>>> print(open('run-v9.cif').read())   # mmCIF, C-alpha atoms and all ligand atoms
data_protein
#
loop_
_atom_site.label_atom_id
_atom_site.label_comp_id
_atom_site.auth_asym_id
_atom_site.auth_seq_id
_atom_site.Cartn_x
_atom_site.Cartn_y
_atom_site.Cartn_z
CA MET I 1 -15.15 -51.75 -31.80
CA LYS I 2 -11.56 -52.87 -32.36
CA LYS I 3 -11.01 -49.84 -34.56
CA PHE I 4 -12.40 -47.55 -31.87
CA PHE I 5 -10.11 -49.12 -29.30
CA ALA I 6 -7.09 -48.69 -31.59
CA LEU I 7 -7.97 -45.06 -32.22
CA THR I 8 -8.41 -44.34 -28.51
CA LEU I 9 -5.09 -45.96 -27.81
CA CYS I 10 -3.41 -43.84 -30.47
CA ALA I 11 -4.96 -40.69 -29.05
CA CYS I 12 -3.82 -41.64 -25.54
CA LEU I 13 -0.31 -42.32 -26.75
CA LEU I 14 -0.20 -39.02 -28.60
CA LEU I 15 -1.45 -37.13 -25.55
CA SER I 16 1.06 -38.71 -23.23
CA LEU I 17 3.81 -38.00 -25.74
CA LEU I 18 2.78 -34.35 -25.94
CA ALA I 19 2.63 -34.13 -22.16
CA GLY I 20 6.11 -35.66 -21.98
CA CYS I 21 7.46 -33.06 -24.39
CA ASN I 22 5.87 -30.31 -22.37
CA THR I 23 7.47 -31.28 -19.09
CA GLU I 24 10.85 -31.51 -20.75
CA GLN I 25 10.66 -28.10 -22.40
CA ALA I 26 9.30 -26.05 -19.53
CA GLN I 27 8.85 -27.64 -16.16
CA ASP I 28 6.71 -24.76 -15.00
CA ASP I 29 4.40 -23.14 -17.50
CA THR I 30 2.41 -21.14 -14.94
CA ASP I 31 1.69 -17.63 -16.17
CA TYR I 32 3.29 -15.81 -13.23
CA ALA I 33 3.38 -12.52 -15.13
CA SER I 34 -0.41 -12.28 -14.97
CA MET I 35 -0.49 -12.71 -11.17
CA SER I 36 -0.60 -9.86 -8.67
CA LEU I 37 2.26 -9.19 -6.27
CA GLU I 38 0.11 -10.48 -3.40
CA GLU I 39 -0.49 -13.73 -5.29
CA LEU I 40 3.22 -14.08 -6.10
CA LYS I 41 4.57 -13.40 -2.58
CA PRO I 42 3.65 -16.79 -1.05
CA LEU I 43 5.20 -18.53 -4.08
CA LEU I 44 8.57 -16.83 -3.71
CA ASN I 45 11.46 -19.19 -3.25
CA THR I 46 14.85 -17.67 -2.39
CA VAL I 47 18.35 -19.01 -1.65
CA LYS I 48 17.91 -18.14 2.02
CA GLU I 49 14.35 -18.21 3.31
CA GLY I 50 12.94 -14.77 4.03
CA THR I 51 16.03 -13.10 2.54
CA LEU I 52 16.70 -11.57 -0.88
CA THR I 53 20.37 -12.26 -1.62
CA VAL I 54 21.73 -9.80 -4.19
CA ALA I 55 25.22 -9.87 -5.74
CA THR I 56 26.73 -6.59 -6.92
CA SER I 57 29.99 -5.07 -8.13
CA PRO I 58 30.33 -1.64 -6.49
CA ASP I 59 32.80 -0.06 -8.94
CA PHE I 60 30.12 1.42 -11.16
CA ALA I 61 28.81 4.86 -10.11
CA PRO I 62 26.01 5.92 -10.22
CA TYR I 63 24.68 2.31 -10.29
CA GLU I 64 26.68 1.00 -7.30
CA PHE I 65 29.68 2.42 -5.50
CA TYR I 66 30.96 3.20 -2.03
CA THR I 67 30.21 6.62 -0.64
CA LEU I 68 31.97 7.91 2.45
CA GLU I 69 29.80 8.62 5.44
CA ASP I 70 32.00 10.21 8.12
CA GLY I 71 34.98 8.56 6.45
CA VAL I 72 33.35 5.12 6.54
CA PRO I 73 32.67 3.49 3.14
CA LYS I 74 28.99 2.66 2.62
CA LEU I 75 27.27 1.02 -0.36
CA ALA I 76 25.25 3.48 -2.45
CA GLY I 77 23.83 3.90 -5.94
CA PHE I 78 20.47 3.54 -7.65
CA ASP I 79 20.84 -0.25 -7.97
CA MET I 80 21.30 -0.43 -4.20
CA SER I 81 18.23 1.73 -3.48
CA LEU I 82 16.28 -0.35 -5.98
CA ALA I 83 17.48 -3.59 -4.33
CA GLN I 84 16.19 -2.34 -0.95
CA TYR I 85 12.90 -1.25 -2.53
CA ILE I 86 12.39 -4.64 -4.21
CA ALA I 87 13.17 -6.51 -0.98
CA ASP I 88 10.71 -4.29 0.94
CA GLN I 89 7.95 -4.78 -1.63
CA LEU I 90 8.47 -8.55 -1.57
CA GLY I 91 8.50 -8.64 2.22
CA LEU I 92 12.08 -9.98 2.33
CA THR I 93 15.22 -8.92 4.22
CA LEU I 94 17.91 -7.61 1.89
CA GLU I 95 21.40 -9.06 1.89
CA ILE I 96 23.88 -7.46 -0.51
CA VAL I 97 27.01 -9.42 -1.40
CA PRO I 98 29.69 -7.24 -3.01
CA MET I 99 32.26 -8.82 -5.35
CA ASP I 100 34.02 -8.27 -8.67
CA PHE I 101 31.79 -8.07 -11.73
CA ASP I 102 32.74 -11.41 -13.31
CA GLY I 103 32.05 -12.98 -9.90
CA THR I 104 28.45 -11.70 -9.95
CA ILE I 105 27.82 -13.63 -13.18
CA ASN I 106 29.26 -16.84 -11.68
CA GLU I 107 27.36 -16.46 -8.39
CA LEU I 108 24.04 -16.02 -10.16
CA GLY I 109 24.80 -18.86 -12.61
CA ALA I 110 25.56 -21.14 -9.65
CA LYS I 111 22.31 -19.99 -7.92
CA ARG I 112 24.17 -18.78 -4.85
CA CYS I 113 22.20 -15.52 -5.00
CA ASP I 114 18.67 -14.64 -6.07
CA LEU I 115 19.45 -11.50 -8.04
CA SER I 116 22.44 -9.77 -9.46
CA MET I 117 22.14 -6.01 -9.63
CA ALA I 118 25.25 -4.68 -11.32
CA GLY I 119 24.11 -2.70 -14.34
CA TYR I 120 23.81 -5.86 -16.47
CA SER I 121 23.33 -5.56 -20.20
CA PRO I 122 20.93 -8.21 -21.53
CA ASP I 123 23.78 -9.93 -23.37
CA PRO I 124 22.33 -12.99 -25.20
CA ALA I 125 25.47 -14.96 -24.22
CA ARG I 126 24.32 -14.77 -20.56
CA GLU I 127 20.84 -16.10 -21.17
CA LYS I 128 21.94 -19.69 -20.51
CA SER I 129 22.87 -18.91 -16.92
CA MET I 130 20.28 -16.31 -15.86
CA ASP I 131 16.94 -14.71 -16.65
CA PHE I 132 16.67 -10.98 -17.35
CA SER I 133 14.20 -8.55 -15.83
CA ASP I 134 12.70 -5.81 -18.00
CA VAL I 135 15.04 -2.93 -18.90
CA TYR I 136 15.05 -0.23 -16.18
CA TYR I 137 17.78 2.17 -17.33
CA THR I 138 19.78 3.05 -20.44
CA GLY I 139 23.35 4.26 -20.10
CA GLY I 140 24.97 4.00 -23.57
CA GLN I 141 28.52 2.89 -24.41
CA SER I 142 31.62 5.02 -24.94
CA PHE I 143 35.28 5.01 -25.81
CA VAL I 144 37.01 6.92 -23.02
CA THR I 145 40.51 8.41 -22.80
CA VAL I 146 42.19 11.34 -20.99
CA GLN I 147 42.15 14.99 -22.14
CA ASP I 148 45.86 14.87 -23.14
CA LYS I 149 45.35 11.91 -25.47
CA ALA I 150 42.05 12.95 -27.06
CA ASP I 151 43.83 14.21 -30.21
CA LEU I 152 45.24 10.74 -30.86
CA PHE I 153 41.75 9.42 -31.55
CA PRO I 154 39.87 11.62 -34.04
CA SER I 155 37.68 8.59 -34.68
CA LEU I 156 37.14 5.27 -32.85
CA ALA I 157 38.97 3.48 -35.67
CA ASP I 158 42.16 5.40 -34.75
CA ALA I 159 42.31 3.48 -31.46
CA ASN I 160 42.72 0.18 -33.31
CA LYS I 161 46.53 0.14 -33.32
CA ALA I 162 48.96 -2.33 -31.75
CA GLU I 163 50.72 0.49 -29.86
CA TYR I 164 47.64 1.30 -27.76
CA HIS I 165 46.64 -0.31 -24.46
CA ILE I 166 42.87 -0.40 -24.30
CA GLY I 167 41.03 -1.36 -21.11
CA ALA I 168 37.74 -3.17 -20.49
CA GLN I 169 36.21 -4.73 -17.41
CA MET I 170 36.65 -8.48 -17.05
CA GLY I 171 33.48 -10.39 -17.91
CA SER I 172 31.70 -7.30 -19.24
CA ILE I 173 30.17 -6.64 -22.64
CA GLN I 174 32.72 -3.82 -22.92
CA TYR I 175 35.39 -6.50 -23.39
CA GLY I 176 33.39 -7.68 -26.42
CA LEU I 177 33.21 -4.09 -27.67
CA ALA I 178 37.01 -3.81 -27.36
CA GLN I 179 37.51 -7.03 -29.33
CA GLU I 180 35.10 -5.83 -31.98
CA ASN I 181 36.34 -2.25 -32.36
CA THR I 182 40.04 -2.41 -31.43
CA PRO I 183 41.12 -6.01 -32.19
CA ASP I 184 44.67 -4.92 -33.14
CA ALA I 185 45.27 -3.03 -29.88
CA ASP I 186 46.60 -4.56 -26.65
CA ILE I 187 43.30 -5.22 -24.85
CA VAL I 188 43.75 -5.17 -21.09
CA GLN I 189 41.05 -6.77 -18.91
CA LEU I 190 40.81 -5.42 -15.37
CA PRO I 191 38.49 -6.67 -12.61
CA LYS I 192 37.07 -3.26 -11.67
CA VAL I 193 35.97 -0.18 -13.59
CA THR I 194 37.69 1.92 -10.90
CA ASP I 195 40.98 0.13 -11.80
CA ILE I 196 40.44 1.15 -15.42
CA ILE I 197 39.83 4.79 -14.43
CA ALA I 198 43.00 4.76 -12.27
CA GLU I 199 45.10 3.29 -15.11
CA LEU I 200 43.74 5.78 -17.66
CA ILE I 201 44.76 8.61 -15.33
CA SER I 202 48.19 7.14 -14.56
CA GLY I 203 48.82 6.69 -18.30
CA LYS I 204 49.08 2.89 -18.26
CA LEU I 205 46.00 2.70 -20.48
CA ASP I 206 45.46 4.87 -23.55
CA GLY I 207 41.76 4.28 -23.84
CA ALA I 208 38.93 2.13 -22.50
CA PHE I 209 35.40 0.99 -23.23
CA ILE I 210 33.06 2.06 -20.41
CA GLU I 211 29.33 2.69 -20.11
CA SER I 212 28.77 6.38 -21.03
CA VAL I 213 26.78 7.35 -17.91
CA VAL I 214 29.37 5.67 -15.66
CA ALA I 215 32.31 7.32 -17.45
CA GLU I 216 30.61 10.71 -17.24
CA THR I 217 29.99 10.23 -13.53
CA TYR I 218 33.66 9.42 -12.82
CA ALA I 219 34.69 12.33 -15.10
CA LYS I 220 32.96 14.71 -12.66
CA ASN I 221 35.43 13.66 -9.95
CA TYR I 222 38.34 13.16 -12.36
CA PRO I 223 38.22 15.96 -14.98
CA GLU I 224 41.29 14.44 -16.71
CA LEU I 225 38.91 11.84 -18.20
CA LYS I 226 37.50 12.47 -21.66
CA VAL I 227 34.38 10.57 -22.74
CA LEU I 228 35.26 10.69 -26.43
CA HIS I 229 33.24 8.55 -28.86
CA PRO I 230 29.88 6.83 -28.56
CA VAL I 231 30.16 3.10 -29.34
CA PRO I 232 27.28 1.22 -30.98
CA TYR I 233 25.93 -1.78 -29.05
CA ASP I 234 22.83 -3.87 -29.80
CA ALA I 235 21.61 -5.12 -26.41
CA GLU I 236 21.22 -1.61 -24.96
CA GLY I 237 19.67 -0.99 -21.56
CA SER I 238 20.27 -2.38 -18.09
CA VAL I 239 18.44 -5.29 -16.53
CA ILE I 240 18.46 -7.18 -13.26
CA GLY I 241 19.88 -10.70 -13.48
CA VAL I 242 17.41 -13.18 -11.93
CA SER I 243 18.23 -16.73 -10.86
CA LYS I 244 17.43 -18.93 -13.87
CA GLY I 245 13.99 -20.56 -13.88
CA ASN I 246 12.69 -18.74 -10.78
CA GLY I 247 9.41 -17.73 -12.45
CA PRO I 248 7.66 -16.21 -9.39
CA LEU I 249 10.72 -14.08 -8.51
CA LEU I 250 11.16 -12.83 -12.10
CA ALA I 251 7.49 -11.86 -12.31
CA ALA I 252 7.58 -10.17 -8.89
CA VAL I 253 10.74 -8.20 -9.76
CA ASN I 254 9.17 -7.00 -13.02
CA LYS I 255 6.00 -5.95 -11.17
CA VAL I 256 7.98 -3.89 -8.65
CA LEU I 257 10.15 -2.40 -11.42
CA ALA I 258 7.12 -1.32 -13.43
CA THR I 259 5.66 0.49 -10.39
CA ALA I 260 8.99 2.14 -9.47
CA LEU I 261 9.45 3.36 -13.05
CA ALA I 262 5.88 4.60 -13.41
CA ASP I 263 5.49 6.49 -10.13
CA GLY I 264 8.87 8.28 -10.08
CA THR I 265 10.39 6.15 -7.30
CA PHE I 266 13.22 4.99 -9.54
CA ALA I 267 13.84 8.52 -10.89
CA GLY I 268 14.29 9.60 -7.26
CA PHE I 269 16.89 6.84 -6.72
CA VAL I 270 18.82 8.03 -9.80
CA GLU I 271 18.75 11.63 -8.60
CA GLU I 272 19.99 10.66 -5.14
CA ALA I 273 22.73 8.42 -6.60
CA ASN I 274 23.97 11.25 -8.82
CA ILE I 275 24.24 13.60 -5.85
CA LEU I 276 26.11 10.99 -3.76
CA ALA I 277 28.42 10.05 -6.66
CA SER I 278 29.56 13.62 -7.12
CA GLY I 279 30.38 13.96 -3.42
CA ASN I 280 32.94 11.98 -1.47
CA THR I 281 33.08 8.59 -3.07
CA TYR I 282 35.44 5.82 -2.13
CA GLU I 283 37.80 5.05 -5.03
CA GLY I 284 40.44 3.16 -3.10
CA LEU I 285 41.28 -0.47 -3.52
CA LEU I 286 38.57 -3.00 -3.03
CA GLY I 287 39.59 -6.28 -1.45
CA GLU I 288 39.02 -9.69 -2.95
CA ASN I 289 35.42 -9.77 -1.78
CA GLY I 290 34.81 -6.32 -3.26
CA GLN I 291 34.91 -4.59 0.10
CA PRO I 292 37.01 -1.49 0.80
CA THR I 293 40.54 -2.12 2.04
CA GLU I 294 41.42 1.47 2.90
CA ALA I 295 39.60 4.76 3.32
CA THR I 296 40.80 7.21 0.70
CA GLU I 297 38.81 10.15 -0.55
CA ALA I 298 38.26 11.11 -4.13
CA PRO I 299 39.14 14.68 -4.99
CA THR I 300 36.13 16.98 -4.97
CA GLU I 301 35.81 20.03 -7.20
N1 LIG B 401 26.71 -3.37 -18.71
C1 LIG B 401 27.96 -4.09 -18.74
C2 LIG B 401 27.74 -5.58 -18.74
O1 LIG B 401 26.68 -6.04 -18.40
C3 LIG B 401 28.89 -3.70 -17.64
C4 LIG B 401 28.35 -3.82 -16.28
C5 LIG B 401 29.41 -3.60 -15.24
N2 LIG B 401 28.84 -3.48 -13.93
C6 LIG B 401 29.53 -3.22 -12.80
N3 LIG B 401 28.86 -3.10 -11.70
N4 LIG B 401 30.82 -3.08 -12.84
O2 LIG B 401 28.62 -6.34 -19.07
#
>>> encode(input="run-v9.cif", output="structure tokens", more="lines below")
Ligand code: ARG
Amino acid sequence: MKKFFALTLCACLLLSLLAGCNTEQAQDDTDYASMSLEELKPLLNTVKEGTLTVATSPDFAPYEFYTLEDGVPKLAGFDMSLAQYIADQLGLTLEIVPMDFDGTINELGAKRCDLSMAGYSPDPAREKSMDFSDVYYTGGQSFVTVQDKADLFPSLADANKAEYHIGAQMGSIQYGLAQENTPDADIVQLPKVTDIIAELISGKLDGAFIESVVAETYAKNYPELKVLHPVPYDAEGSVIGVSKGNGPLLAAVNKVLATALADGTFAGFVEEANILASGNTYEGLLGENGQPTEATEAPTE
């Protein structure tokens, strides 16, 4: 009898220990991914009740940029259409907060927004501060220069010289690509991709690391740009950054993404963004909060 008691006690201790471990590792082990959208909706918890707060960095056509509607800058891009679509599907009101790219990472890390939709690469270094949705788009990476300088760089390795000023967006994986591929060059970090484009054109920068699709989109408005060499990168594809540990929201976002990708909704957003990006887009300065400070028009062909 004593032995039985001792054994039961041991088993109890072991069980409580295991339970303790469990709660420490994952506070919520509910399998949200297997739930339907209708089941997930009542479980959704957002920064502001009833609202989906989304940070973005609108210097990244065709993902997110300002288009001019009767001379008035307006947020556009497939990330923005997708943000509205997700909010609608979740029954939430959308609130977009524009800011510089490195700010989007901080905002999401500090849980001041629910999502960050800014053409994020699933960079493992970011996993501590956010969760990633499934990949919804693949844009590739490139070394970009201007037509007049293309001959200087027969290969990517030729850009790795101290005399060259090479740009990359602050806080982006492209900065890592610059450090990896052109460590000897003067690497210049700028807050906005549109600043990098402007400095390539003005001659302040000799080259830059930019996502291929984005560089090609800006090259349509600025034919001086030359998207020169593809650059290898492991964590390819774009994801939505989701507030860390918000299991129901992550599952709901992935559900909506899967539908939008499967039924052509997302393809439609991309098509529309490409048309808008090749029209009158706002390339002027963006103020500290990422909003336009002046209404200038990009040259059209
Ligand atoms: N994909 C790159 C990254 O995650 C660059 C994204 C830049 N996005 C933007 N909206 N400017 O680091």
>>> residues_around(input="run-v9.cif", residues="Asn160 in chain I", least_positions_apart="6", cutoff="12 Å", atoms="only C-alpha atoms", output="PyMOL selection string")
chain I and resi 143+152-154+166+177-187+206-208
>>> write_last_selection(input="run-v9.cif", atoms="C-alpha atoms", output="PDB file, in the frame of the given file")
ATOM      1  CA  PHE I 143      35.280   5.010 -25.810  1.00  0.00           C
ATOM      2  CA  LEU I 152      45.240  10.740 -30.860  1.00  0.00           C
ATOM      3  CA  PHE I 153      41.750   9.420 -31.550  1.00  0.00           C
ATOM      4  CA  PRO I 154      39.870  11.620 -34.040  1.00  0.00           C
ATOM      5  CA  ILE I 166      42.870  -0.400 -24.300  1.00  0.00           C
ATOM      6  CA  LEU I 177      33.210  -4.090 -27.670  1.00  0.00           C
ATOM      7  CA  ALA I 178      37.010  -3.810 -27.360  1.00  0.00           C
ATOM      8  CA  GLN I 179      37.510  -7.030 -29.330  1.00  0.00           C
ATOM      9  CA  GLU I 180      35.100  -5.830 -31.980  1.00  0.00           C
ATOM     10  CA  ASN I 181      36.340  -2.250 -32.360  1.00  0.00           C
ATOM     11  CA  THR I 182      40.040  -2.410 -31.430  1.00  0.00           C
ATOM     12  CA  PRO I 183      41.120  -6.010 -32.190  1.00  0.00           C
ATOM     13  CA  ASP I 184      44.670  -4.920 -33.140  1.00  0.00           C
ATOM     14  CA  ALA I 185      45.270  -3.030 -29.880  1.00  0.00           C
ATOM     15  CA  ASP I 186      46.600  -4.560 -26.650  1.00  0.00           C
ATOM     16  CA  ILE I 187      43.300  -5.220 -24.850  1.00  0.00           C
ATOM     17  CA  ASP I 206      45.460   4.870 -23.550  1.00  0.00           C
ATOM     18  CA  GLY I 207      41.760   4.280 -23.840  1.00  0.00           C
ATOM     19  CA  ALA I 208      38.930   2.130 -22.500  1.00  0.00           C
TER      20      ALA I 208
END
>>> residues_near_point(input="run-v9.cif", point="(15.1, -10.0, -10.4)", cutoff="7 Å", atoms="only C-alpha atoms", output="list in words")
Leu115, Ser133, Ile240, Gly241, Val242, Leu249, Leu250 and Val253 of chain I
>>> residues_near_ligand(input="run-v9.cif", ligand="ligand LIG 401 (chain B)", cutoff="6 Å", atoms="only C-alpha atoms and all ligand atoms", output="short mmCIF file (atom, residue, chain, number, x, y, z; two decimals) with C-alpha atoms, in the coordinates of the input")
data_model
loop_
_atom_site.label_atom_id
_atom_site.label_comp_id
_atom_site.auth_asym_id
_atom_site.auth_seq_id
_atom_site.Cartn_x
_atom_site.Cartn_y
_atom_site.Cartn_z
CA SER I 57 29.99 -5.07 -8.13
CA PRO I 58 30.33 -1.64 -6.49
CA ASP I 59 32.80 -0.06 -8.94
CA PHE I 60 30.12 1.42 -11.16
CA PHE I 101 31.79 -8.07 -11.73
CA ALA I 118 25.25 -4.68 -11.32
CA GLY I 119 24.11 -2.70 -14.34
CA TYR I 120 23.81 -5.86 -16.47
CA SER I 121 23.33 -5.56 -20.20
CA SER I 172 31.70 -7.30 -19.24
CA ILE I 173 30.17 -6.64 -22.64
CA VAL I 193 35.97 -0.18 -13.59
#
>>> residues_near_point(input="run-v9.cif", point="(10.1, 4.9, -10.5)", cutoff="12 Å", atoms="all atoms listed in the file", output="VMD selection string")
chain I and resid 78 81 to 82 85 to 86 136 to 137 255 to 271
>>> closest_atom_pairs(input="run-v9.cif", of="range 107-151 of chain I", to="range 209-229 of chain I", cutoff="6 Å", atoms="all atoms listed in the file", output="tab-separated table")
residue	atom	partner	partner_atom	distance
I:Gly139	CA	I:Val213	CA	5.1
I:Gly140	CA	I:Ser212	CA	5.2
I:Gln141	CA	I:Glu211	CA	4.4
I:Ser142	CA	I:Ser212	CA	5.0
I:Phe143	CA	I:Phe209	CA	4.8
I:Val144	CA	I:Val227	CA	4.5
I:Thr145	CA	I:Lys226	CA	5.2
I:Val146	CA	I:Leu225	CA	4.3
I:Gln147	CA	I:Lys226	CA	5.3
>>> closest_residue(input="run-v9.cif", among="I:Ala55, I:Ala251, I:Ala76, I:Gln89", to="Ser34 in chain I", atoms="all atoms listed in the file")
I:Ala251
>>> atom_distance(input="run-v9.cif", atom1="CA of Thr93 in chain I", atom2="CA of Phe65 in chain I")
20.8 Å
>>> closest_residue(input="run-v9.cif", among="I:Gln189, I:Ser243, I:Ser278, I:Thr51", to="Asp102 in chain I", atoms="all atoms listed in the file")
I:Gln189
>>> atom_distance(input="run-v9.cif", atom1="CA of Ile96 in chain I", atom2="CA of Ala61 in chain I")
16.4 Å
>>> atom_distance(input="run-v9.cif", atom1="CA of Thr67 in chain I", atom2="CA of Asn280 in chain I")
6.1 Å
>>> build_atoms(input="run-v9.cif", residues="range 260-277 of chain I", atoms="N, CA, C and O atoms", output="short mmCIF file (atom, residue, chain, number, x, y, z; two decimals), in the coordinates of the input")
data_model
loop_
_atom_site.label_atom_id
_atom_site.label_comp_id
_atom_site.auth_asym_id
_atom_site.auth_seq_id
_atom_site.Cartn_x
_atom_site.Cartn_y
_atom_site.Cartn_z
N ALA I 260 7.94 1.16 -9.81
CA ALA I 260 8.99 2.14 -9.47
C ALA I 260 9.29 3.06 -10.64
O ALA I 260 9.60 4.24 -10.45
N LEU I 261 9.19 2.53 -11.86
CA LEU I 261 9.45 3.36 -13.05
C LEU I 261 8.28 4.30 -13.31
O LEU I 261 8.48 5.45 -13.70
N ALA I 262 7.07 3.81 -13.08
CA ALA I 262 5.88 4.60 -13.41
C ALA I 262 5.62 5.72 -12.41
O ALA I 262 5.20 6.81 -12.79
N ASP I 263 5.90 5.48 -11.12
CA ASP I 263 5.49 6.49 -10.13
C ASP I 263 6.63 7.42 -9.69
O ASP I 263 6.47 8.19 -8.74
N GLY I 264 7.78 7.34 -10.38
CA GLY I 264 8.87 8.28 -10.08
C GLY I 264 9.80 7.82 -8.98
O GLY I 264 10.80 8.47 -8.70
N THR I 265 9.51 6.67 -8.36
CA THR I 265 10.39 6.15 -7.30
C THR I 265 11.80 5.94 -7.83
O THR I 265 12.79 6.37 -7.23
N PHE I 266 11.89 5.29 -8.99
CA PHE I 266 13.22 4.99 -9.54
C PHE I 266 13.94 6.29 -9.93
O PHE I 266 15.15 6.42 -9.68
N ALA I 267 13.22 7.24 -10.51
CA ALA I 267 13.84 8.52 -10.89
C ALA I 267 14.46 9.18 -9.66
O ALA I 267 15.54 9.78 -9.74
N GLY I 268 13.78 9.05 -8.52
CA GLY I 268 14.29 9.60 -7.26
C GLY I 268 15.59 8.91 -6.85
O GLY I 268 16.53 9.56 -6.39
N PHE I 269 15.67 7.59 -7.05
CA PHE I 269 16.89 6.84 -6.72
C PHE I 269 18.06 7.32 -7.58
O PHE I 269 19.19 7.43 -7.10
N VAL I 270 17.76 7.59 -8.87
CA VAL I 270 18.82 8.03 -9.80
C VAL I 270 19.33 9.40 -9.36
O VAL I 270 20.54 9.64 -9.30
N GLU I 271 18.39 10.27 -9.01
CA GLU I 271 18.75 11.63 -8.60
C GLU I 271 19.65 11.59 -7.35
O GLU I 271 20.70 12.24 -7.29
N GLU I 272 19.24 10.78 -6.39
CA GLU I 272 19.99 10.66 -5.14
C GLU I 272 21.39 10.07 -5.40
O GLU I 272 22.39 10.54 -4.85
N ALA I 273 21.44 9.07 -6.28
CA ALA I 273 22.73 8.42 -6.60
C ALA I 273 23.68 9.43 -7.26
O ALA I 273 24.87 9.44 -6.96
N ASN I 274 23.13 10.26 -8.14
CA ASN I 274 23.97 11.25 -8.82
C ASN I 274 24.55 12.25 -7.84
O ASN I 274 25.70 12.65 -7.96
N ILE I 275 23.75 12.64 -6.86
CA ILE I 275 24.24 13.60 -5.85
C ILE I 275 25.36 12.93 -5.03
O ILE I 275 26.43 13.49 -4.86
N LEU I 276 25.10 11.70 -4.58
CA LEU I 276 26.11 10.99 -3.76
C LEU I 276 27.39 10.73 -4.54
O LEU I 276 28.49 10.85 -4.01
N ALA I 277 27.24 10.40 -5.85
CA ALA I 277 28.42 10.05 -6.66
C ALA I 277 29.30 11.26 -6.93
O ALA I 277 30.49 11.12 -7.20
#
